[in-house]
Structure formats: C-alpha cells, structure tokens
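S.K.: The structure follows.
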2 protein chains.
Amino acid sequence: MYRSHTNGELRIENINNEVTLAGWIQKTRELGAMTFADLRDRYGITQLVFGEELLQVAKELGREDVVQVKGKVIERESKNKKIPTGEIEIEVTELTVLNKSKTPPFTIEDETDGGEELRMQYRYLDLRRKPLQDALKLRHRLSIEVRKYLDSIDFFEIETPYLIKSTPEGARDFVVPSRMNPTQFYALPQSPQTFKQLLMVSGYDRYYQIVRCFRDEDLRADRQPEFTQIDCEMAFVDQEDVLNTFEGMVTHLFKTVKNIELTDFPRMDYAQAMEQYGSDKPDIRFGMTFNYINEVAQNKGFQIFDDAESVIAIVAEDCSTYTRKELDKLVDFVKRPQVGAKGLIYAKYNEDGTFKSSVDKFYNQDDLKAWADKCGAKPGDLILVLSGDKATTQNQMNTLRLHLGDELGLRNPNEYAPLWVYDFPLLEWDEDTARYHAMHHPFTSPKKEDMHLLDTKPGEVRANAYDLVLNGTEIGGGSIRIHDKETQALMFKHLGFTEEEAKAQFGFLMNAFEYGAPPHGGIALGFDRLCALFGGQETIRDFIAFPKNNSGRDVMIDSPSAISDEQLDELNIDIKAVEAQ
Amino acid sequence: MYRSHTNGELRIENINNEVTLAGWIQKTRELGAMTFADLRDRYGITQLVFGEELLQVAKELGREDVVQVKGKVIERESKNKKIPTGEIEIEVTELTVLNKSKTPPFTIEDETDGGEELRMQYRYLDLRRKPLQDALKLRHRLSIEVRKYLDSIDFFEIETPYLIKSTPEGARDFVVPSRMNPTQFYALPQSPQTFKQLLMVSGYDRYYQIVRCFRDEDLRADRQPEFTQIDCEMAFVDQEDVLNTFEGMVTHLFKTVKNIELTDFPRMDYAQAMEQYGSDKPDIRFGMTFNYINEVAQNKGFQIFDDAESVIAIVAEDCSTYTRKELDKLVDFVKRPQVGAKGLIYAKYNEDGTFKSSVDKFYNQDDLKAWADKCGAKPGDLILVLSGDKATTQNQMNTLRLHLGDELGLRNPNEYAPLWVYDFPLLEWDEDTARYHAMHHPFTSPKKEDMHLLDTKPGEVRANAYDLVLNGTEIGGGSIRIHDKETQALMFKHLGFTEEEAKAQFGFLMNAFEYGAPPHGGIALGFDRLCALFGGQETIRDFIAFPKNNSGRDVMIDSPSAISDEQLDELNIDIKAVEAQ
C-alpha cells in the first residue's frame, strides 16, 4: 500500500493521525522557512507542509512529480473553504519521490494554456485535468445507471460480435481482412441491428448493450469513426411500450445522476415538428414556433412573398427595440451560405402599438397588425419573416430560430427538455442515386394504414419510427421492426435490392423470420452525445478518453500506421500504388 | 402491449383473472374434445386449454408458432409441481397467430436432436433452448455483479479505442485498412494494455472495462478470434493490493451469483506450483501432489530410474485394488503422443501391508516400503511413478494427475477452489526465434531482487506477475507494471527490440513515463471462461451469443465474405491472386 488515505479524504476529525499519502505535485510555494505543496490525485487535493529538515528536497519538487509522503494531519492556520480538505494539512516527516516528471508541455489546470493539437498529442496529460476527469466520471456514472435501470426491468445485456459481415446499405463499413479465409473480409458493425433482432427471434425478450459502433465516414465536426451506443430491443411491444420504457430510463438518469426530476415528456409527430419548428429535432426549451402568414402577407404587391410557396414568421418577444445594426446582423446571418436565405423581412410591433417594417412600402399599419394577429405577437415584439419554397424556408427559419434562441439566452444548458418525435417518413428520396433510401433503416416497419401508398406515393408512407430529442439534439432513434419475411422482402424491393442481393446480405434474417419471429422494436441512443448533454457541453470529444481527430487519426499513438510486408502477405493483400497526393 | 403477463408469472392467486399472454407454442396435445398447448417465453411456460369453439384453429398450431391468447386463469386438474405456473392454466377465449413458424430443423428442447453444424447455422433457434438462455442470463448476471463490485470500490469503467495500432509483439493482430489514410492500417486490440497504463499515468487511479479483445490466431479448440476480458488497472498499489482486491471480486461473484461462500483463497508461488503439481495452474480441489523419490528409487539397478533427472511419484488413495486391465489403461494413457511418456511404473501398497509393483525385479518389499514412506502412502493406496528429465516428467505427471482426478471423481464441477499463483518467470526462451520472450507481456516489472540476473541468467529473473486459477483453469493474469522509462527501455532491449523499434511501437508509453507515471499494476480476467466455469461447463461457446467456428467463420451470417471492388478501391488495397488450394 502506497497510501493510507487518498488526497480527498482527510478532514478536521483526522487531526493528529499519522498518514501516508501519494499523488502528483500540483504546485509548490515557499513562505519563509516553510515550503507548501499541493498534492493531487483523482479524489482531491491535500496541502503538504515541509519543515526545515525537508526544505532542500521539497524545494526541488517540480510540477507533476509523483511522490509519497508520511506525516501528521494538523489543522491549517488559513483554512480553504473551497475544498473539502481545506481545514487540514500534512506536516511531512518523510518524502519519497516515486517518479520525477519533466515539465509538462502545458499546465494541468482547469483552464490550460495548451492548444488543441498539443493536448491531443499528450492526451494522457490532458486527461489529468479536472474537467476531463469529471467528464469521464460522469460517463462512468451514466453507464452504471443505464445498466441499473435496464437490469431492474429484466433486460439482459448480451454481447454481439464485432467481426461481422459487410453490408452496403448505410454508411461505409470498416473491413478486416481474414487471414484464415483468404480473399474474404469481416466488417466492423455500424450497429448490432440484425443481431439484436435475431435475439428477439431467439426469445430473449429484452436486450440491451452498451456497445461500440463503427462508421467509415468522412468525419464532420464532432463525429468519431468509433462511437458508443446504448442499444436496446424488446419483443411483444408496440411503439407506446418502447417510448414509455425509455422515457423511464431517461427520467431515471436525470434523477440519479443530476438530481433533476423530469416532469414533462411531450410527444410530437414528425409532421407537426416540421410545421412548427422546421426541424425533426426541435429544441422546445423555448417557443418562437412558426406562423404561416401567406393569407395575410400575399397579394399586397410584394412580389417576393407573392411568389413564395410559404411565408413563415416567428415572433421574437420583447425585441421591437432591436437597432438597425442588430437587425442587419440577423439579415447577414440568414444570408450566409450555410443558411442560404435571400433576405429577411422584419416588422417591429412597437410598444405604442405602431408598426415599423422593412416592407412598409407594401404593407400599411393594418396589414402589419394582421401579421401580428396571425402570429399572436404583442406590442414590444419583433416579427421576422422568411419566404420561399416550403421545405427550404422551414429549414432556414429553423436555423434562424435556434440562432435567436442562443442570442436571447433561451437555450439554458442547465434546463432539459426531452421530446419524442414519431411517425417519421419511411423513405426519403436520394438525389444522388435517384432512388428511395430507408430514412431509419431497412428493417423499420411501415404504418399499416399507409401501406397502400407504397407503390404510388412511397414518400408519403409513414414508419413506426421515433426519435428521442433533448434540447434540440437527437439522442436516440428507433422503430418497431418488420417481423415477417414478406414485408421485409417488399421493403428490400422498394429500396432497389434485387432478390439475390437481399438474400446474399440479409438472407439469415429473412430465414429467421420464418421460424416464429415475434413482433419487436427497439431504440439506440448515442452514448457519447448523451454524456456531453449531461455534462452541459457541445462537443463529445472530452467525453471519450482517447478520441481521434478529424482525419480519423489518434495522434498520441500515431495510428493508423504502416504494417509490415509479412502481415500483408499473410493477409493476402497488396497496397495499391498511391498516386502523388 | 401484446400481453398482460409473461408465461412465468401466473399463480394460483391469479385464478379468474382475465389475462393476455404471448409467446411460442412449445407443443400441443389433444385430449378428447380439448386441445392443450404449452406457451413458452423467456420467463417460463404456461399451459393453454382450448375448448370446442377454438378447437379447429388450435389443432393447426405448430411448434414455434408465435401466438397471442386472451383468456381466464383457471385451476389445473392435474397439477405440475415441476414448474412455478404448474397449478394453473389458461382457458383461451381468443387466439391470434402473430407469426407462423416453419418446422424447425431441430427440436427446441434441453436435449436437442440437432447436430453442432446445424445448430450453428440456425443459431437463433439454438439460442431458444433453455440451457443457452440460462448461460446468457448467467453471463448478464456476472457482468452486472462485476460492475457492482468494482463501482463500489471506486473503479471507473472507461472505454478505450478499438481502432488502435498494430504491434508485432504477442499474437497476430487483426488489421483494418484506413480509407482516409491510404497505405495505413489500424489494428484491433489484443488487449487495452497500453491504454489502461496511460489512464494510470493520467491519474484515473482505478480503471476497469469489460471489453472485447481480438487475436488472429489459428484457432485451437475453444478459442475465439474475439473474446471478452474484465480488464483492470490500479495506481499506487503493490501486488498484495491487487490480489486482495480481486480476491474480493471473485468472492463477491460467488456469493451473489451462486450463493457460495469462498472461505479459502490460497497463494502459491510458481516454483512451488511446478514442483508440487507440475503446472502453473494446479487444480487444488484434490491432493495427489508430487513426490520426488530419486533418493529411494535410484541406484537399485533399474536403469530407467538411474538415468532420470527426476523420479516423480503420486499416490492414488485406496486404489491398490486396481486390476491389471485398469493399470494397463493408465499405461496406455501416459504413452499417448499427447502425453508422451515411455512407460508408467506402479506399486500397489496392499491392505495387508505387502507391495506389488511392476518393477519387483529391482525393488524388494523394503525398497517399496521406502517409496511409500517417502510419498506418505498408506496400505490400500496405489503409487504411480514417472521419470525422465524434470520439466518433461512434471508435465507428464500433471496430465496423469488430472486424468486420475477425473477418473476418481475428485474434480467436482460444483466445488470451487481458487488459487493465486505468483512469482512467474519474467522471460521464457522461445526455441523458434532463439530469443527470450516476455512470459506475461513486455510491460511486466521484474522483481527488484532479481534484476542483477537480467544479463547473466535472464531465465531465472522472476516477475511481479500473478495468475488467478480456478479449478485448474487460468481465469486471469496480471502484474505490477514497469513505470519508469529506463526499466522499460532495458526490458525492450532484452526482448530484442532495437531502440528505433521500441520507439516506433511504444514511444508514446515511454514518453508518458517521463511525465509522472505512478506505480501501478492490474489484472485481466477471461470473461467467457469465467462464465463457463460458473455455469459448470467445459466449453465457452454456449456462453457467447454468436460464436465463430474453428475457421473463424460465423456460419449463420456467412462471414467473412467477399467485399465489392468499389470497397477495395476506396481502401486502396488489392487482393493477391490466391493459389489453388
């Protein structure tokens, strides 16, 4: 035993105890004939005080040296109320330097002076900082509570294989050449989807797994090639059962991990979400929902509105005092290529009941009053209007709404507003391949009442699919699955699979459906994202111990890297000559 | 909701309840105007009874059909005391067939009629059988309890990456070509060893992970290319701390999962294990330890013993009555090529105090009495002797001892005898490469007091390494690690790494050691094997939901498989022309 206590443990009650501590030197300071040092470990910080006999060695201590000290717990003269050990210090009688440290390339403090690149390269030092330790501790705590909850309601955690079969549907697979089966490859799973469905066929009834998934995508910001999913499946359930179960899980997590009681867990269908928020993952922490004002805004001579499919207005409460400059900034915002609007119309509803708009030439006070009435605006509010074809305008207005929510401080990271969005479209049209793709995945069941549209209006068929949204971020999605061979075959046909392709890729699943597959459905939640949201952070990177950069590289271990010719030979593969890059 | 209750839930108290059940038809039988059916799910079996109005549909029910029934709980006339629901049955008023099943290719019974190949191909059906459901349930339960215990003593579960870097030390890596970094590869981890050590450098103090590991080995029986490990690491510990911690974990698992109190957790050093059992993983459920009888057996004119380095005897208690035939079978056993002994000498110590041996020509009664005294044998016992060079003879005698243990019923699968074996050699000589290899891995620390032998007698240097043995099976192993750059560099040198190679492969770890690495150590337990032992089974296969066969194939999903030319192009690799096989 290198220590009798951790550095977060000693209190005023321990005074006069003889103790042994170990940890890292956070900092030292000299005060007359005394030297003080802060000793740090995962559990906290304890102050050390060295008297004259140890002064020389103590003076040589550097940041991040690993030491062991023996000594007596004494009461501190100047107490530090900010830390739990702040009332005591250790009068050191024996000091052993267990391992010297070179001076770290950046400071191990909450706010460090190290840049992103450097911190990634020395990830093992960055991970010493408290914000990262807190993040990984939170992650651990969440995983424990997820398991506790699911175990308590009879879910089994069942491990599914990581070396599986490549399927072209979805994102790109990472593949693994098989040495024992030359010319053949395994693939790493994008999710355990088919396996969890087979487990339902096998009668496991309730399955979950906190599981790594892999996608070889060009990495967008804050995407990782490997990520973790809370993967779940249930048999003999309909959509309502799944929603209730995971509403329970999220409520449990908030209660146990953050001591927050979620009281409201609203549900909204996809059509309504798009109509009111222009998004399938609306942030409902604030209102500012869409108003379609075609009726009152068209046919007044303003060509842009007259030509538009939709004229959409939102109301920024108490913002009629926005200055010209502030309004111009909003106009600039929507004109950025990422948003792509041609312009932004505003109408101030002044406190005195008058209106001032950017289109006063076309709309008199009564006209603008009609806008306000249509939108439910009141004096003091600001009405903002975009127009154009419906889908595009909804999308642009969604971006503007979220931007304003940020600007106006309506998106409090410590407020949590979950939402179920359901009745997603089954299929979505893909311009590139000029065919329909499964919006969720090919195993999602269509709504029975929409089946008749599958041949004639495939885009209108709704699925038994649902997303769990938290503060405008999708944290999970799932569906009630197809569980009979005929529907599954029909689905593959509509997705452009030939019978042979479907059989080669998913024959095992369709066969399984012939041997008594129960109705089943499930959900998968993005665990990295969930952790970040619980931690009140925007990015997932600090909630992953060893993340990769945007080129999929681990710069600390320098991976990926070349492998030996012997390895290539054994695997029966060659590297193609790479053109000069 | 497809059901109001599961099939394991209803009791005599529920009589007259109107219920809805769902599940699989286990079997049906007709009895006059009534048809009975057993309805099965994960939770149990409930008997259904169909009256006249449903007779026709009930008759058409086949094995493994998925149905939903509504009806009333009634008391059974002939109760089945063997199952918890055996006092009631359901008088069915409504029957819905949710999914018809084809006749399964084998019966879904505890003892099935399906062969290994067929069951692997239809794994999803094999997984319906109770022994497999019990196995996966046990696995789930063990994983829950492992986490509960480690969480309770401040371990954090931290996920480490699966896409890492290929290292030539150890077994073969599975590799993953990187599309974004052409010509480069990731490797799948053989274990998270370096990452968990970095987490100690980062100050996480106590880490664990139930984690998948990958080894591209030629599969021996009961090995899988992917397997699961309980991986743990602790900082500021010595060997004693690690042993106590995981003794606690194993004790907790036995208590909570099997309701067995482990009272004894002995420790034995490697030298003693080899000397007494000829094995570094002795099964100590029974005695029959080795006796070295050179002193009393040599120089009596029996050339074979006289020429031997070691003459080793074991005592089979109360076996002096073994017949000629039984003794011949033992001789045949040790002569099998897998054992490789030239012969086996016996001496019966008859109840009347006389001796009868296969070498009576060389040893008189007094001589044999001296053997017996040396071995602590008593009248009625059988003494069995092997001889030759020490290591070979120990190995052969170990095999014979375990065989006899089986024969004599001394290896009760429901008795559990854990054991720590420690002080393993640091290095072992590899004939093929004519150099020393790390017996555990290159990060294991040598014992300080043996360091001086590193240059002169490397084979005699002991390591701070330990194995956890249960009933003669190694279920885990670990060590106190090297935590300073100099020792690690020295170790790599002794393993035949050049400085450049060491830096290219493990530079990040050696760098990390320069920034304040604490003393640390850990252990990894084979989770698949642990589950099998807890389940009282010899093979791990049924404790893995979707195992691969001995060629590394998943015959159910037919993987590995060919991938498309587009995928190969994107990954920048070619398949070599494979010679006719």
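Going by the structure tokens order, chains are called A, B, ..., each with residues numbered from 1, while ligands are numbered from 1 in the order shown.
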List every residue of segment 60-244 of chain B that DSSP, applied to the backbone of this structure, assigns to alpha helix (DSSP H), and report them as a PyMOL selection string.
M.R.: chain B and resi 116-121+123-126+130-152+193-201+239-244
S.K.: For Phe543 of chain A, find every residue with an atom within 9 Å (counting only C-alpha atoms), except residues of its own chain fewer than 3 positions away, and show them as a list of chain:residue names.
M.R.: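 Near Phe543 of chain A, the qualifying residues are A:Leu132, A:Ala135, A:Leu136, A:Leu138, A:Arg139, A:Asp528, A:Arg529, A:Cys531, A:Ala532, A:Gly535, A:Thr539, A:Ile540, A:Pro547.
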S.K.: With C-alpha atoms kept, could you save the residues just selected as a PDB file, in the first residue's frame?
M.R.:
```pdb
ATOM      1  CA  LEU A 132     -11.837  15.786 -18.274  1.00  0.00           C
ATOM      2  CA  ALA A 135     -16.396  14.126 -17.861  1.00  0.00           C
ATOM      3  CA  LEU A 136     -15.174  10.516 -17.685  1.00  0.00           C
ATOM      4  CA  LEU A 138     -19.925  11.337 -15.431  1.00  0.00           C
ATOM      5  CA  ARG A 139     -19.727   8.852 -18.280  1.00  0.00           C
ATOM      6  CA  ASP A 528     -21.188   9.923 -26.302  1.00  0.00           C
ATOM      7  CA  ARG A 529     -23.724  12.632 -27.100  1.00  0.00           C
ATOM      8  CA  CYS A 531     -22.800  12.179 -21.847  1.00  0.00           C
ATOM      9  CA  ALA A 532     -21.942  15.536 -23.425  1.00  0.00           C
ATOM     10  CA  GLY A 535     -22.167  17.449 -18.924  1.00  0.00           C
ATOM     11  CA  THR A 539     -18.771  18.534 -28.171  1.00  0.00           C
ATOM     12  CA  ILE A 540     -18.386  14.857 -27.422  1.00  0.00           C
ATOM     13  CA  PRO A 547     -10.742  10.263 -29.337  1.00  0.00           C
TER      14      PRO A 547
END
```
S.K.: Out of A:Lys390, A:Lys348, A:Arg324, A:His252, which residue has the shortest atom-to-atom distance to Glu275 of chain A when counting only C-alpha atoms?
M.R.: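 Among A:Lys390, A:Lys348, A:Arg324, A:His252, it is A:Lys390 that comes nearest to Glu275 of chain A.
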S.K.: Segment 491-504 of chain B: which residues within 7 Å, counting only C-alpha atoms, same-chain residues fewer than 3 positions away excluded, as a list in words?
M.R.: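 Everything that qualifies: Tyr436, His437, Pro442, Thr487, Gln488 and Gly507 of chain B.
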S.K.: Here is a test: counting only C-alpha atoms, which residue of B:Ser551, B:Thr323, B:Asn471, B:Gln47 is nearest to chain A?
M.R.: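 Comparing B:Ser551, B:Thr323, B:Asn471, B:Gln47 against chain A, the winner is B:Ser551.
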S.K.: Give me, as a PyMOL selection string, all polymer residues having an atom no more than 6 Å from segment 378-381 of chain A, counting only C-alpha atoms and skipping those fewer than 6 positions away in the same chain.
M.R.: chain A and resi 316-320+349-351+353
S.K.: Could you list, as a list of chain:residue names, every residue within 8 Å of segment 416-424 of chain A, counting only C-alpha atoms and ignoring same-chain residues fewer than 2 positions away?
M.R.: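 The contact residues come out as A:Leu243, A:Leu262, A:Asp264, A:Phe265, A:Pro266, A:Arg267, A:Met268, A:Asp269, A:Tyr270, A:Ala271, A:Ala273, A:Asp280, A:Lys281, A:Asp283, A:Ile284, A:Arg285, A:Pro413, A:Asn414, A:Leu426, A:Arg462, A:Ala463, A:Asn464, A:Ala465, A:Tyr466, A:Asp467, A:Leu468, A:Val469, A:Leu470, A:Asn471.
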S.K.: Dump N, CA and C atoms for the selected residues as a short mmCIF file (atom, residue, chain, number, x, y, z; two decimals), in the first residue's frame?
M.R.:
```cif
data_model
loop_
_atom_site.label_atom_id
_atom_site.label_comp_id
_atom_site.auth_asym_id
_atom_site.auth_seq_id
_atom_site.Cartn_x
_atom_site.Cartn_y
_atom_site.Cartn_z
N LEU A 243 -41.57 3.69 -26.07
CA LEU A 243 -41.47 5.08 -25.62
C LEU A 243 -41.56 5.18 -24.09
N LEU A 262 -37.53 15.12 -14.20
CA LEU A 262 -38.18 15.49 -15.46
C LEU A 262 -39.68 15.28 -15.27
N ASP A 264 -42.07 16.55 -17.58
CA ASP A 264 -42.83 16.60 -18.81
C ASP A 264 -42.04 15.93 -19.92
N PHE A 265 -42.68 15.01 -20.61
CA PHE A 265 -42.01 14.28 -21.68
C PHE A 265 -42.92 14.28 -22.90
N PRO A 266 -43.07 15.45 -23.54
CA PRO A 266 -44.07 15.56 -24.61
C PRO A 266 -43.74 14.72 -25.84
N ARG A 267 -44.74 14.52 -26.68
CA ARG A 267 -44.60 13.78 -27.93
C ARG A 267 -45.15 14.63 -29.06
N MET A 268 -44.56 14.49 -30.20
CA MET A 268 -44.96 15.33 -31.33
C MET A 268 -44.73 14.52 -32.60
N ASP A 269 -45.67 14.54 -33.52
CA ASP A 269 -45.38 13.77 -34.72
C ASP A 269 -44.48 14.58 -35.65
N TYR A 270 -43.85 13.86 -36.54
CA TYR A 270 -42.87 14.46 -37.45
C TYR A 270 -43.48 15.63 -38.22
N ALA A 271 -44.72 15.43 -38.69
CA ALA A 271 -45.36 16.48 -39.48
C ALA A 271 -45.49 17.76 -38.67
N ALA A 273 -43.69 18.62 -36.03
CA ALA A 273 -42.36 19.16 -35.74
C ALA A 273 -41.86 19.99 -36.91
N ASP A 280 -36.82 18.11 -37.44
CA ASP A 280 -37.31 16.86 -36.83
C ASP A 280 -36.70 16.67 -35.44
N LYS A 281 -35.95 17.65 -34.98
CA LYS A 281 -35.43 17.59 -33.61
C LYS A 281 -35.53 18.96 -32.95
N ASP A 283 -35.85 22.10 -30.60
CA ASP A 283 -35.50 22.47 -29.23
C ASP A 283 -36.71 23.15 -28.63
N ILE A 284 -37.39 22.48 -27.72
CA ILE A 284 -38.64 23.03 -27.19
C ILE A 284 -38.44 23.73 -25.84
N ARG A 285 -37.16 24.06 -25.53
CA ARG A 285 -36.96 24.87 -24.32
C ARG A 285 -37.54 26.27 -24.48
N PRO A 413 -28.29 25.69 -20.92
CA PRO A 413 -27.77 24.32 -20.91
C PRO A 413 -28.11 23.56 -19.63
N ASN A 414 -28.56 24.24 -18.62
CA ASN A 414 -28.95 23.54 -17.39
C ASN A 414 -30.44 23.27 -17.30
N LEU A 426 -41.13 6.82 -43.97
CA LEU A 426 -40.43 5.54 -44.10
C LEU A 426 -39.22 5.70 -45.03
N ARG A 462 -45.65 6.60 -43.88
CA ARG A 462 -45.02 6.85 -42.58
C ARG A 462 -44.54 5.55 -41.96
N ALA A 463 -43.53 5.67 -41.12
CA ALA A 463 -42.95 4.50 -40.47
C ALA A 463 -43.30 4.50 -39.00
N ASN A 464 -43.25 3.32 -38.40
CA ASN A 464 -43.36 3.22 -36.94
C ASN A 464 -41.99 3.54 -36.34
N ALA A 465 -41.55 4.77 -36.58
CA ALA A 465 -40.21 5.17 -36.17
C ALA A 465 -40.30 6.39 -35.29
N TYR A 466 -39.35 6.49 -34.38
CA TYR A 466 -39.39 7.58 -33.39
C TYR A 466 -37.97 7.98 -33.01
N ASP A 467 -37.85 9.25 -32.69
CA ASP A 467 -36.56 9.78 -32.24
C ASP A 467 -36.74 10.38 -30.85
N LEU A 468 -35.71 10.23 -30.05
CA LEU A 468 -35.69 10.90 -28.76
C LEU A 468 -34.82 12.15 -28.90
N VAL A 469 -35.41 13.30 -28.63
CA VAL A 469 -34.73 14.57 -28.82
C VAL A 469 -34.55 15.24 -27.45
N LEU A 470 -33.38 15.79 -27.24
CA LEU A 470 -33.14 16.50 -25.98
C LEU A 470 -32.50 17.85 -26.30
N ASN A 471 -33.20 18.91 -25.97
CA ASN A 471 -32.68 20.26 -26.21
C ASN A 471 -32.24 20.48 -27.66
#
```
S.K.: Could you tell me which of B:Glu109, B:Glu75, B:Asp218, B:Asp367 comes closest to chain A if we count only C-alpha atoms?
M.R.: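 Closest residue, counting only C-alpha atoms: B:Asp218.
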S.K.: Can you tell me which residues surround Thr228 of chain A at a distance of at most 8 Å, considering only C-alpha atoms, apart from same-chain residues fewer than 4 positions away, and format the answer as a list in words?
M.R.: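 Answer for this query is Ile210, Val211, Arg212, Cys213, Gly526, Phe527 and Asp528 of chain A.
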S.K.: Taking N, CA, C and O atoms for each residue, export the selection above as a tab-separated table (two decimals), in the first residue's frame.
M.R.:
```
chain	number	residue	atom	x	y	z
A	210	ILE	N	-24.36	-1.75	-24.12
A	210	ILE	CA	-23.63	-0.51	-24.35
A	210	ILE	C	-22.46	-0.92	-25.23
A	210	ILE	O	-21.58	-1.66	-24.79
A	211	VAL	N	-22.50	-0.50	-26.48
A	211	VAL	CA	-21.70	-1.19	-27.49
A	211	VAL	C	-21.01	-0.21	-28.43
A	211	VAL	O	-21.55	0.85	-28.74
A	212	ARG	N	-19.81	-0.56	-28.85
A	212	ARG	CA	-19.09	0.28	-29.81
A	212	ARG	C	-19.63	0.04	-31.23
A	212	ARG	O	-19.93	-1.11	-31.60
A	213	CYS	N	-19.74	1.10	-31.99
A	213	CYS	CA	-20.16	1.00	-33.39
A	213	CYS	C	-19.13	1.75	-34.24
A	213	CYS	O	-18.41	2.60	-33.74
A	526	GLY	N	-27.30	7.49	-28.67
A	526	GLY	CA	-25.89	7.85	-28.80
A	526	GLY	C	-25.32	8.18	-27.43
A	526	GLY	O	-25.68	9.19	-26.83
A	527	PHE	N	-24.45	7.30	-26.95
A	527	PHE	CA	-24.00	7.45	-25.56
A	527	PHE	C	-23.02	8.62	-25.40
A	527	PHE	O	-23.05	9.33	-24.40
A	528	ASP	N	-22.15	8.81	-26.39
A	528	ASP	CA	-21.19	9.92	-26.30
A	528	ASP	C	-21.94	11.25	-26.20
A	528	ASP	O	-21.63	12.11	-25.37
```
S.K.: Choose the residue, out of B:Cys232, B:Met451, B:Leu98, B:Val315, that has the smallest atom-to-atom separation from chain A; count only C-alpha atoms.
M.R.: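 Among the listed residues, the smallest separation from chain A belongs to B:Leu98.
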S.K.: Restricting the calculation to only C-alpha atoms: of B:Leu31, B:Ile74, B:Ala58, B:Ile164, which residue gets closest to chain A?
M.R.: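 Checking each of B:Leu31, B:Ile74, B:Ala58, B:Ile164 against chain A, counting only C-alpha atoms, the winner is B:Ile164.
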